[in-house]
Amino acid sequence: MSTSALSRPGLIKPPGPRLRKHIPLKFISKHGAGGRKSSYAELNLTSMVDMLTILVVFLLQTFSASGELLTVSKNITLPEAINYKDLEQAPIIAVSRDSVTLNGDPKADSQELSRENTVDWKIPQLHDDLVVLKNNFKLLHPNPEDWKGLVIVQADKNIDFKVIKKVMYTCAVAGYNNVNFAVQSRGKGGG
């Protein structure tokens with residue numbers, strides 16, 4: 001366009017519906033004057049599909065088929081093992097240099113347990129809580145075959161064996177005869 005065409009008055013018009021005025025089509029006259037919005041909102045499916053794809057990928061990456069049962073405390077260094085098997089759901093006893101915990105609740109002091117030279121190897125508070133957990137399980141599962149007596153011991157690799165022995169004895173007295181030790185996988189194994 002030349003500058004002379006732009007300077008002429010009336011050539012530039014404000015935007016608006018012009019098709020209806022100049023072209024007499026029947027289907028345009030049925031819809032009324034322009035500028036009216038449709039009662040149906042348009043959905044942008046592309047962004048919805050993108051979001052769904054992102055969610056599916058995220059869930060697949062975070063899903064673990066074996067099931068992460070435990071989170072290891074900062075103050076526990078698990079021993080390494082080549083041969084291992086996946087753990088099942090069970091109460092977790094963590095034995096660190098400082099304390100013995102059951103499902104995160106402190107039950108005894110590890111240093112005190114390693115110093116004691118008593119005849120009774122049972123840790124009283126740990127024993128009582130394990131018995132309560134066993135009784136609760138038996139109330140929820142009346143079939144006696146459901147009880148496997150599983151417990152997971154998550155022990156630091158540098159802990160005194162006397163403390164581990166007391167924990168295992170306490171588990172056995174409380175009725176947990178199937179003790180599994182949590183380990184760090186070092187190579188090929190499983191089964």
# chains A, B, ... in the order shown; residues from 1 in each chain; ligands from 1

$ residues_around --residues "Thr101 in chain A" --least-positions-apart "2" --cutoff "12 Å" --atoms "only C-alpha atoms" --output "short mmCIF file (atom, residue, chain, number, x, y, z; two decimals) with N, CA and C atoms, in the first residue's frame"
data_model
loop_
_atom_site.label_atom_id
_atom_site.label_comp_id
_atom_site.auth_asym_id
_atom_site.auth_seq_id
_atom_site.Cartn_x
_atom_site.Cartn_y
_atom_site.Cartn_z
N SER A 73 18.42 -45.48 57.63
CA SER A 73 18.79 -44.27 58.36
C SER A 73 20.19 -43.82 57.98
N ILE A 76 23.17 -45.68 59.74
CA ILE A 76 23.31 -47.13 59.57
C ILE A 76 23.95 -47.41 58.22
N PRO A 91 7.59 -56.07 60.43
CA PRO A 91 8.13 -55.03 61.33
C PRO A 91 9.64 -54.89 61.12
N ILE A 92 10.12 -53.64 61.21
CA ILE A 92 11.54 -53.36 60.94
C ILE A 92 12.22 -52.93 62.23
N ILE A 93 13.25 -53.69 62.60
CA ILE A 93 14.06 -53.34 63.77
C ILE A 93 15.37 -52.78 63.25
N ALA A 94 15.64 -51.51 63.55
CA ALA A 94 16.88 -50.86 63.10
C ALA A 94 17.84 -50.80 64.28
N VAL A 95 19.06 -51.30 64.05
CA VAL A 95 20.08 -51.31 65.09
C VAL A 95 21.24 -50.44 64.61
N SER A 96 21.38 -49.29 65.24
CA SER A 96 22.50 -48.39 64.91
C SER A 96 23.46 -48.37 66.08
N ARG A 97 24.52 -47.58 65.96
CA ARG A 97 25.49 -47.48 67.06
C ARG A 97 24.87 -46.83 68.29
N ASP A 98 23.80 -46.04 68.08
CA ASP A 98 23.20 -45.30 69.18
C ASP A 98 22.01 -46.00 69.80
N SER A 99 21.13 -46.56 68.95
CA SER A 99 19.87 -47.06 69.50
C SER A 99 19.34 -48.25 68.72
N ASN A 103 10.22 -49.97 63.97
CA ASN A 103 9.42 -49.13 63.06
C ASN A 103 9.62 -47.64 63.33
N GLY A 104 10.85 -47.27 63.67
CA GLY A 104 11.20 -45.87 63.88
C GLY A 104 11.10 -45.37 65.31
N ASP A 105 10.50 -46.17 66.21
CA ASP A 105 10.37 -45.76 67.61
C ASP A 105 11.52 -46.35 68.44
N PRO A 106 12.25 -45.52 69.20
CA PRO A 106 13.38 -46.03 70.00
C PRO A 106 12.90 -46.98 71.09
N LYS A 107 13.65 -48.09 71.25
CA LYS A 107 13.31 -49.10 72.25
C LYS A 107 14.44 -49.36 73.24
N ALA A 108 15.69 -49.17 72.83
CA ALA A 108 16.82 -49.41 73.74
C ALA A 108 18.04 -48.65 73.24
N ASP A 109 19.04 -48.54 74.12
CA ASP A 109 20.30 -47.88 73.80
C ASP A 109 21.32 -48.96 73.42
N SER A 110 21.88 -48.89 72.23
CA SER A 110 22.81 -49.92 71.75
C SER A 110 24.08 -49.98 72.57
N ILE A 123 15.29 -57.83 75.52
CA ILE A 123 15.12 -56.38 75.60
C ILE A 123 13.64 -56.15 75.90
N GLN A 125 11.28 -53.65 76.40
CA GLN A 125 10.37 -52.78 75.65
C GLN A 125 10.20 -53.27 74.21
N LEU A 126 11.26 -53.75 73.61
CA LEU A 126 11.18 -54.30 72.25
C LEU A 126 10.31 -55.55 72.24
N HIS A 127 10.50 -56.40 73.24
CA HIS A 127 9.70 -57.63 73.34
C HIS A 127 8.21 -57.32 73.46
N ASP A 129 6.51 -54.65 72.59
CA ASP A 129 5.94 -54.06 71.38
C ASP A 129 5.82 -55.08 70.25
N LEU A 130 6.77 -56.01 70.16
CA LEU A 130 6.67 -57.08 69.16
C LEU A 130 5.49 -58.00 69.45
N ILE A 152 12.24 -57.87 60.09
CA ILE A 152 13.41 -57.42 59.33
C ILE A 152 14.35 -56.70 60.28
N VAL A 153 15.61 -57.14 60.32
CA VAL A 153 16.63 -56.48 61.14
C VAL A 153 17.54 -55.70 60.21
N GLN A 154 17.58 -54.43 60.44
CA GLN A 154 18.39 -53.50 59.65
C GLN A 154 19.51 -53.04 60.57
N ALA A 155 20.65 -53.74 60.53
CA ALA A 155 21.73 -53.49 61.49
C ALA A 155 22.95 -52.88 60.81
N VAL A 167 18.94 -58.75 70.17
CA VAL A 167 17.79 -58.43 69.33
C VAL A 167 17.17 -59.70 68.77
#

$ atom_distance --atom1 "CA of Lys166 in chain A" --atom2 "CA of Lys122 in chain A"
6.1 Å

$ atom_distance --atom1 "CA of Glu112 in chain A" --atom2 "CA of Phe161 in chain A"
13.3 Å

$ closest_residue --among "A:Leu78, A:Leu140, A:Ala90, A:Leu55" --to "Asp156 in chain A" --atoms "only C-alpha atoms"
A:Leu78

$ closest_atom_pairs --of "range 59-161 of chain A" --to "range 177-188 of chain A" --cutoff "9 Å" --atoms "only C-alpha atoms" --output "CSV"
residue,atom,partner,partner_atom,distance
A:Leu70,CA,A:Ala182,CA,8.6
A:Thr77,CA,A:Gln184,CA,8.7
A:Leu78,CA,A:Val183,CA,5.4
A:Pro79,CA,A:Val183,CA,5.4
A:Glu80,CA,A:Gln184,CA,4.6
A:Ala81,CA,A:Ser185,CA,5.4
A:Ile82,CA,A:Arg186,CA,5.3
A:Asn83,CA,A:Lys188,CA,7.3
A:Tyr84,CA,A:Ser185,CA,7.4
A:Leu87,CA,A:Asn180,CA,7.6
A:Lys148,CA,A:Asn178,CA,7.1
A:Gly149,CA,A:Asn178,CA,5.4
A:Leu150,CA,A:Asn178,CA,4.8
A:Val151,CA,A:Val179,CA,5.1
A:Ile152,CA,A:Asn180,CA,4.8
A:Val153,CA,A:Phe181,CA,4.8
A:Gln154,CA,A:Ala182,CA,5.0
A:Ala155,CA,A:Ala182,CA,7.4

$ write_last_selection --atoms "C-alpha atoms" --output "short mmCIF file (atom, residue, chain, number, x, y, z; two decimals), in the first residue's frame"
data_model
loop_
_atom_site.label_atom_id
_atom_site.label_comp_id
_atom_site.auth_asym_id
_atom_site.auth_seq_id
_atom_site.Cartn_x
_atom_site.Cartn_y
_atom_site.Cartn_z
CA LEU A 70 12.74 -49.78 53.99
CA THR A 77 25.70 -48.65 57.04
CA LEU A 78 24.23 -51.92 55.82
CA PRO A 79 26.53 -54.87 55.12
CA GLU A 80 26.99 -55.87 51.48
CA ALA A 81 25.89 -59.23 50.10
CA ILE A 82 26.03 -60.97 46.75
CA ASN A 83 23.24 -63.48 47.38
CA TYR A 84 19.97 -62.04 48.60
CA LEU A 87 12.07 -58.67 51.57
CA LYS A 148 4.87 -66.26 59.27
CA GLY A 149 6.75 -64.70 62.18
CA LEU A 150 8.67 -62.34 59.90
CA VAL A 151 10.80 -59.50 61.18
CA ILE A 152 13.41 -57.42 59.33
CA VAL A 153 16.63 -56.48 61.14
CA GLN A 154 18.39 -53.50 59.65
CA ALA A 155 21.73 -53.49 61.49
#
